[in-house]
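Just below is one structure, and these are the notes that go with it.
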Amino acid sequence: MRVRAFELRLIAIALVACWSVAAGLVLLAYRPGGPLDLIVGLTAMTPIAIALAGAIWPPVARGDVAFPAIVALGVLALLCLVPSIAGVVTQLLAYGSRTLLPSLEATYPWLVALVATSLFSAFGIARRLQGGTAVRRRRLLTGIGIALLTTACSGLLFAAVAVANEVALRDTPPAASRFGPTSGSEQPPSCDSPLAAGSTARLALHLKATVDLRPLGSTDLAGTRVGNDFRWLAYVASDQQLGQYGAARVGDRAWMTTPGARWTPAPRAAVQDDAIDLEALDAALTAGFRATAEDHGVEVIEGARARRCRIAVDGTTFRDAFPEIGWLVGDADLHRWRGQLDYWIFLDGELGQVAGSANGEAGAIVPDALSGTIDVLLTATERGRDAFIYPPLQ
């Protein structure tokens with residue numbers, strides 16, 4: 001019994017650590033400017049107390065069925081928590097969303113983790129209250145009752161405060177946002193609605209590649225697009241390339257620049273795939289791909305409401321949407337890679353942000369490597385505002 005108690009305490013400690021990380025992220029990084037920002041972070045700490053009870057009073061169970069079932073509960077909670085925490089990190093720090101509960105798809109892993117944690121700890125509390133010699137069925141019913149009570153109190157309290165904070169933010173939208181309109185129709189268009197690029201846009205693209213968890217390189221691109229004309233510069237640092245690249249198109253003329261060289265005229269065909277957001281829209285976000293997109297609910301990004309949608313893509317489509325990944329992985333064949341892209345449709349029905357990743361075997365990129373991953377974040381802001389593309393100086 002001592003060995004089993006020790007094993008269950010280890011699981012409970014892992015649950016305490018995971019819930020603490022999640023609560024710390026919300027408490028320290030969730031600052032959208034609402035009146036209840038701090039309270040949202042404090043209510044996110046209630047699952048820590050639930051998990052801590054499991055560490056103090058481990059739910060030790062006898063039998064070849066009861067003990068594995070208790071362990072499975074703890075493992076289930078951890079399996080739901082770890083990827084959900086990673087998702088919160090990305091959402092708060094990279095995507096700029098200030099919405100914690102955008103949809104049922106984003107909420108249910110947390111609910112499953114909370115229910116599993118509550119059951120895990122509640123069975124230990126029931127054993128503490130009734131003793132190890134009490135009738136097993138009575139301890140089971142007591143544990144389920146305690147778990148339902150703690151889940152309801154913790155989950156409903158957090159959800160109520162978070163939703164109230166987001167409603168307050170929605171009712172007092174900022175006057176303007178670089179991501180799009182902050183007022184208008186009540187909800188952004190659905191995922192399969194017609195999707196367009198802005199007539200003008202300020203573009204930013206960040207690409208990052210890793211191989212076997214080791215950094216392979218990154219690309220940071222910034223520029224402007226007006227209609228089909230564009231101009232951008234990209235700084236590339238990878239095992240394949242190093243330096244500053246650029247492309248521009250104004251009317252029938254085109255230019256390119258490479259590390260150590262000045263802007264030079266180029267055939268228009270040489271930059272036909274370099275319109276960044278237009279290329280992503282034409283290659284990966286077609287009506288056919290978006291017909292089966294997952295709806296992840298409405299989020300608020302820097303004051304602008306947007307619907308977050310997700311599609312699955314293969315490596316070929318991923319490369320076609322972002323040909324700049326060639327600076328990171330060269331001509332490696334990615335057709336067996338798989339990934340996903342999240343895209344945000346704002347109130348004006350235009351594409352404002354794309355984020356995602358693709359991964360697969362990396363032997364063609366680095367000899368003897370096993371797995372590679374490419375992450376992407378594209379933003380198209382200040383859409384529709386007056387802008388002008390100046391031809392590069394030669």
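For the structure tokens, the naming scheme is as follows: chains receive sequential letters (A, B, ...) according to their order of presentation, residues are indexed from 1 within each chain, and ligands are indexed from 1 in presentation order.
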
Write out as a ChimeraX atom specification the set of residues from range 177-246 of chain A that DSSP, computed on the backbone, places in strand (DSSP E).
/A:200-211,214-226,229-238,242-246

Pick out the residues sitting within 9 Å of range 329-340 of chain A, and hand them over as a ChimeraX atom specification; count only C-alpha atoms, and ignore anything fewer than 3 positions along from it in its own chain.
/A:209,216-217,238-241,310-319,325-326,355-366

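Summary of the local environment: counting only C-alpha atoms, residues at most 12 Å from range 35-38 of chain A, other than itself and those fewer than 5 positions away along its chain, are Ala23, Gly24, Leu25, Val26, Leu27, Leu28, Ala29, Tyr30, Thr43, Ala44, Met45, Arg98, Thr99, Leu100, Phe158, Ala160, Val161, Ala162, Val163, Ala164, Asn165, Glu166, Val167, Ala168, Leu169, Arg170, Asp171 and Thr172 of chain A.
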
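Excluding Arg9 in chain A itself and any same-chain residue fewer than 5 positions from it, the protein and nucleic acid residues within 10 Å of it, counting only C-alpha atoms, are A:Val3, A:Arg4, A:Ala14, A:Leu15, A:Leu52, A:Ala53, A:Gly54, A:Ala55, A:Ile56, A:Trp57, A:Pro58, A:Pro59, A:Val60.
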
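Across A:Phe67, A:Trp19, A:Trp344, A:Phe179, the tightest approach to Thr117 in chain A is made by A:Trp19 when counting only C-alpha atoms.
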
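If you look at CA of Ala201 in chain A and CA of Glu382 in chain A, they are 5.6 Å away from each other.
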
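Across A:Gly41, A:Ala222, A:Lys208, A:Ala176, the tightest approach to Ala159 in chain A is made by A:Gly41 when counting only C-alpha atoms.
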
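Counting only C-alpha atoms, the residue from A:Ile374, A:Leu156, A:Gln272, A:Arg136 that sits nearest to Gly63 in chain A is A:Arg136.
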
Select, from A:Leu242, A:Ser193, A:Arg268, A:Thr107, the residue with the minimum atom-to-atom distance to Ser84 in chain A, counting only C-alpha atoms.
A:Thr107

Give me the residues within 9 Å of Gly260 in chain A as an MDAnalysis selection string, counting only C-alpha atoms and dropping any in the same chain fewer than 3 places off.
chainID A and resid 243:244 257

Can I get the selected residues back with N, CA, C and O atoms, as a PDB file, in the first residue's frame?
ATOM      1  N   GLY A 243      21.059  36.127 -44.164  1.00  0.00           N
ATOM      2  CA  GLY A 243      21.089  37.466 -44.721  1.00  0.00           C
ATOM      3  C   GLY A 243      19.701  37.992 -45.012  1.00  0.00           C
ATOM      4  O   GLY A 243      18.692  37.422 -44.584  1.00  0.00           O
ATOM      5  N   GLN A 244      19.666  39.089 -45.766  1.00  0.00           N
ATOM      6  CA  GLN A 244      18.417  39.777 -46.044  1.00  0.00           C
ATOM      7  C   GLN A 244      17.985  39.568 -47.487  1.00  0.00           C
ATOM      8  O   GLN A 244      18.764  39.784 -48.409  1.00  0.00           O
ATOM      9  N   THR A 257      16.138  41.395 -54.179  1.00  0.00           N
ATOM     10  CA  THR A 257      17.427  41.626 -53.544  1.00  0.00           C
ATOM     11  C   THR A 257      17.821  40.385 -52.748  1.00  0.00           C
ATOM     12  O   THR A 257      16.959  39.670 -52.223  1.00  0.00           O
TER      13      THR A 257
END
